[in-house]
Number of protein chains: 2
Amino acid sequence: MIVASINAHYIVKPVSGKHFELFDRNFSTLFASDWQIMTMEKITEFLDKNADLFEEELFEFLRIPSVSTDSGFDSQTSEAGAWIAEKLSSTGLDTEIIQTNRHPIVYSQSKPVPGKPIVLVYGHYDVQPPDPLDEWETPPFEPTRRNGNVYARGATDDKGQLYTHIKSVESWMKTVGELPVQVKFLIEGEEECGSGSVYEFLDGQYDASIDKHSVSVSELLRSDIAVISDNSQFGPGRPAITYGLRGIAYFELRLTGPKQDLHSGAFGGAVTNPCNVLSSMLAALKDLNGKIQVPGFFDDVVPLSNREREQLANLPFDENGFRKQISVDGLTGEDGYSTLERRWARPTCDVNGIWGGYQGEGAKTVMPAKAGAKFSFRLVPNQDAEAISKSVEAMFRKMCPPGIKMELVNIHAGNGVVVPLESPFIEAAENAIDKGFGIKPVFIREGGSIPIVSTLKEKLGVDTLLLGWGLGDDNTHSPNEKFHLADFHRGTRSSAFLLDEIGKMKTN
Amino acid sequence: MIVASINAHYIVKPVSGKHFELFDRNFSTLFASDWQIMTMEKITEFLDKNADLFEEELFEFLRIPSVSTDSGFDSQTSEAGAWIAEKLSSTGLDTEIIQTNRHPIVYSQSKPVPGKPIVLVYGHYDVQPPDPLDEWETPPFEPTRRNGNVYARGATDDKGQLYTHIKSVESWMKTVGELPVQVKFLIEGEEECGSGSVYEFLDGQYDASIDKHSVSVSELLRSDIAVISDNSQFGPGRPAITYGLRGIAYFELRLTGPKQDLHSGAFGGAVTNPCNVLSSMLAALKDLNGKIQVPGFFDDVVPLSNREREQLANLPFDENGFRKQISVDGLTGEDGYSTLERRWARPTCDVNGIWGGYQGEGAKTVMPAKAGAKFSFRLVPNQDAEAISKSVEAMFRKMCPPGIKMELVNIHAGNGVVVPLESPFIEAAENAIDKGFGIKPVFIREGGSIPIVSTLKEKLGVDTLLLGWGLGDDNTHSPNEKFHLADFHRGTRSSAFLLDEIGKMKTN
């Protein structure tokens, strides 16, 4: 009875975590937990009531074609940044748009909560190019609801997943009136084209633009844990915490031969052909067993521990289902490793695009003047993207024959990372996902690269919780990208619980 | 005196070659030569007087964008055929347009001249695609006069060179009133896309369309020598007779991996990448010394004789000038052969075009679903294009890894050919060029392929005189294609003299 009435008392006026310190440990713990149950019930109720509204808002966000890599979309990309900034400030956060040399950065923060950890949420409002357009069932920038998903470019990468954390914050503000911890948002518009500006920002190059806080960027972003949702669950209904990511080194190779296309009959055989040379260079990157041949490439690769190989082998991964999902009759990769190891824990080299000469209908007997390719390596933790770039350049220079001018552009790079599983924040995330999804998460690694994760560690010394709400078949970077709307809501709920869980922690 | 008056007598009324048979051998020969000098003076005068008019007509021809390989230009391609047919019939030749499964064939003939050889002139009214368009100084289909040249797609390949023979015939018809030999024209519209219809025509598939002649196609085209001007002089002011041509085998390779583009992070390393496989396949076509690696490729290659190697070595070929012309800092090719040997007398393998994945601005971390390439071999006489196609297919099938569907399309093929230097027609051509250009031609081979030459030999048993009026820097198949107008007129004159020279020959 007493408990009930005291609960009632707490329910009528907002209470922030720190009040409970007044009570004796057991008593306060009792109340604290009671109070938090009530709070989370109210928050969950709020989230359920507003589910449709939140979807509409997300669709509005998805309609903005913020293709950051293509300068033809610059204005729409800024528009997406302004849109998300507006959402944050209308939620009651102190928000600003920081102009950069390319696409703006959005920074936003709630008010400090002394004695509690600070949470830094990172996300990006830009998207991949939508091409090939003719393979989309519905237009990439007209979000469409089909069998429980929303189809649109950016649905899962990263607009949909980022938005869960903003709605989670809103659910706290509109019910409790404040957050149990201070939350800071760092949202960029160049994740799909190398994150150039956010790195400049973290290097302090834009400190002048944030002087209203009269702090440096590292002080502004000071935090105890970073949270990023820009990846996938292990499978449908199997949420995961990703503790390992691959790095990347992405290049563009440009070869120039004669000043213009030549007749392959009159000149062929005596003039170096850039397309032939391009093929030889790209072929030399791997041997026939899929082993990368760049000198020194494996020097810093830490071998997988038996324990981890077992753990990966025990995950319920359906290789046939995987093959069917992408409809191929077989899989290839580095000799001696399983498909999951190849995807998550081993370095790779893929040609991402290739071009040169005549690509039209029929035959054109031309000796091309130019050829080029985009290719990238996925790196595992401890590999050094910069050293690898140097080695690739040296290797190609040695191969480059007379009659060819070679240019190797290092488009972007980031190192791989592994997050320590022992961290209390990992436990908090585990509990939050358990409550948000109704099932405990599995612990996985991922093949993709989120270079910002290693940068946040280097610049701010902060680890990152990688909480992917997406699915493996979301067609990220492909036509018909989608996001499962149930996961949009489960993710939002998990994020709200995560703030609650972290709110129970103390900082000293 | 008698001679003079009898000459006068002959000059007032047209005389055809055969009259002279009435006189006794010496006497007639004397008259014949006198009469012919007068005739060629009148013809030369006619050609000079109409030079500007002929250029205007050629420009009109060049304005028609007859890009045969691109179905978007089908109507314009037919239009070019109709245009050339109209020119021939207005010259007084019996002309018809033969409809085919693709682009029409134009056939035209003058009246028979018993006892004299029959000359078959082959040419094509279609042109290569003009792209890359932005590299043209003036639009490809707006012929422009610059420093003595006409710039336009098709200027030299083959509209300009073909037209010299039509004007040559006109010069005879409008002065002498008849030709000293029967001339037949076979003009196609698919030379730049494999000549499919002309081969069907030569196989007799369209005999029904020519039944007004109530003969088969081989009877219709029966001839003693073929003449083709679709190639180059050795250099400016150095006309040549080309006695050797390379053959060609042209392929399109299409590789398909996953059903759509995938994220290179999430899938890279475990899914076969079509772009990587494409590179390996194309790279495998040659070793690092430029030696072609297709099994059995060199089996039928006849080694160059020392005599021919000497002859080629003695040609005044300026290798530095050649390098500068195409602005490359060095040349590569098959080990152990000179640049001219590599260009004319050795087989080659060139990638003509390559594509796959993301070709846009910036970075897209995609694992492409598809990749493809066009590549072709230049073959020397005695190599068998068909056998080589089979060997390439087998080689690639062996290399094709799980997860990739491979398709190899044989776009077109033709064998190489060498014309015997002993033929009396070679001597006739040598004299005609001597008179038309004012200098004796050199004898060369060429790297390009004119598959029809080997077909004419196979189907009609007729050798071909390859009389190139073009130049090596005419940018055939490239932006800014040109034809030197002085050579247009010298070629026309040479063609007129050639009819005269052949008219002196008898057939038994």
# chains A, B, ... in the order shown; residues from 1 in each chain; ligands from 1

call {"tool": "select_by_dssp", "arguments": {"residues": "region 6-177 of chain B", "states": "helix (DSSP H, G or I)", "output": "ChimeraX atom specification"}}
result
/B:6-12,17-22,25-49,51-62,71-90,133-135,155-175

call {"tool": "select_by_dssp", "arguments": {"residues": "region 123-272 of chain A", "states": "strand (DSSP E or B)", "output": "NGL selection string"}}
result
:A and (123-124 or 127 or 144-146 or 149-151 or 182-188 or 225-228 or 232 or 235 or 238 or 240-245 or 247-256 or 262-263)

call {"tool": "closest_residue", "arguments": {"among": "B:Pro347, B:Gly72, B:Gly353, B:Gly268", "to": "Ser449 (chain A)", "atoms": "only C-alpha atoms"}}
result
B:Gly268

call {"tool": "interface_residues", "arguments": {"of": "chain B", "to": "chain A", "cutoff": "6 Å", "atoms": "only C-alpha atoms", "output": "ChimeraX atom specification"}}
result
/B:69,193,258-259,261-263,265-267,269-272,275-276,279-280,283,326-333,339,342-343,348,351-359,362-363,366-367,402-403,447-448,477-478

call {"tool": "atom_distance", "arguments": {"atom1": "CA of Leu485 (chain B)", "atom2": "CA of Arg145 (chain B)"}}
result
8.9 Å

call {"tool": "closest_residue", "arguments": {"among": "B:Phe497, B:Trp83, B:Phe483, B:Tyr199", "to": "Glu41 (chain B)", "atoms": "only C-alpha atoms"}}
result
B:Phe497

call {"tool": "residues_around", "arguments": {"residues": "Gly160 (chain B)", "least_positions_apart": "4", "cutoff": "8 Å", "atoms": "only C-alpha atoms", "output": "JSON, numbers by chain"}}
result
{"B": [58, 154, 155, 156, 164, 483, 488]}

call {"tool": "closest_residue", "arguments": {"among": "A:Ser218, A:Thr242, A:Ser391, A:Gln293", "to": "Tyr206 (chain A)", "atoms": "only C-alpha atoms"}}
result
A:Ser218

call {"tool": "closest_residue", "arguments": {"among": "A:Ser223, A:Ser389, A:Thr507, A:Thr492", "to": "Thr464 (chain A)", "atoms": "only C-alpha atoms"}}
result
A:Ser223

call {"tool": "residues_around", "arguments": {"residues": "Lys482 (chain B)", "least_positions_apart": "6", "cutoff": "6 Å", "atoms": "only C-alpha atoms", "output": "PyMOL selection string"}}
result
chain B and resi 150-152+155+474

call {"tool": "write_last_selection", "arguments": {"atoms": "C-alpha atoms", "output": "mmCIF file, in the first residue's frame"}}
result
data_model
loop_
_atom_site.group_PDB
_atom_site.id
_atom_site.type_symbol
_atom_site.label_atom_id
_atom_site.label_comp_id
_atom_site.auth_asym_id
_atom_site.auth_seq_id
_atom_site.Cartn_x
_atom_site.Cartn_y
_atom_site.Cartn_z
ATOM 1 C CA VAL B 150 36.883 16.935 -94.552
ATOM 2 C CA TYR B 151 36.077 15.994 -90.926
ATOM 3 C CA ALA B 152 33.092 13.671 -90.395
ATOM 4 C CA ALA B 155 34.791 10.485 -94.256
ATOM 5 C CA ASP B 474 42.526 9.685 -90.407
#

call {"tool": "atom_distance", "arguments": {"atom1": "CA of Val380 (chain A)", "atom2": "CA of Val302 (chain A)"}}
result
8.0 Å

call {"tool": "closest_residue", "arguments": {"among": "B:Lys457, B:Lys435, B:His103, B:Lys440", "to": "Gly196 (chain B)", "atoms": "only C-alpha atoms"}}
result
B:His103

call {"tool": "closest_residue", "arguments": {"among": "B:Ser209, B:Gln109, B:Ser197, B:Ser66", "to": "Arg153 (chain B)", "atoms": "only C-alpha atoms"}}
result
B:Ser66
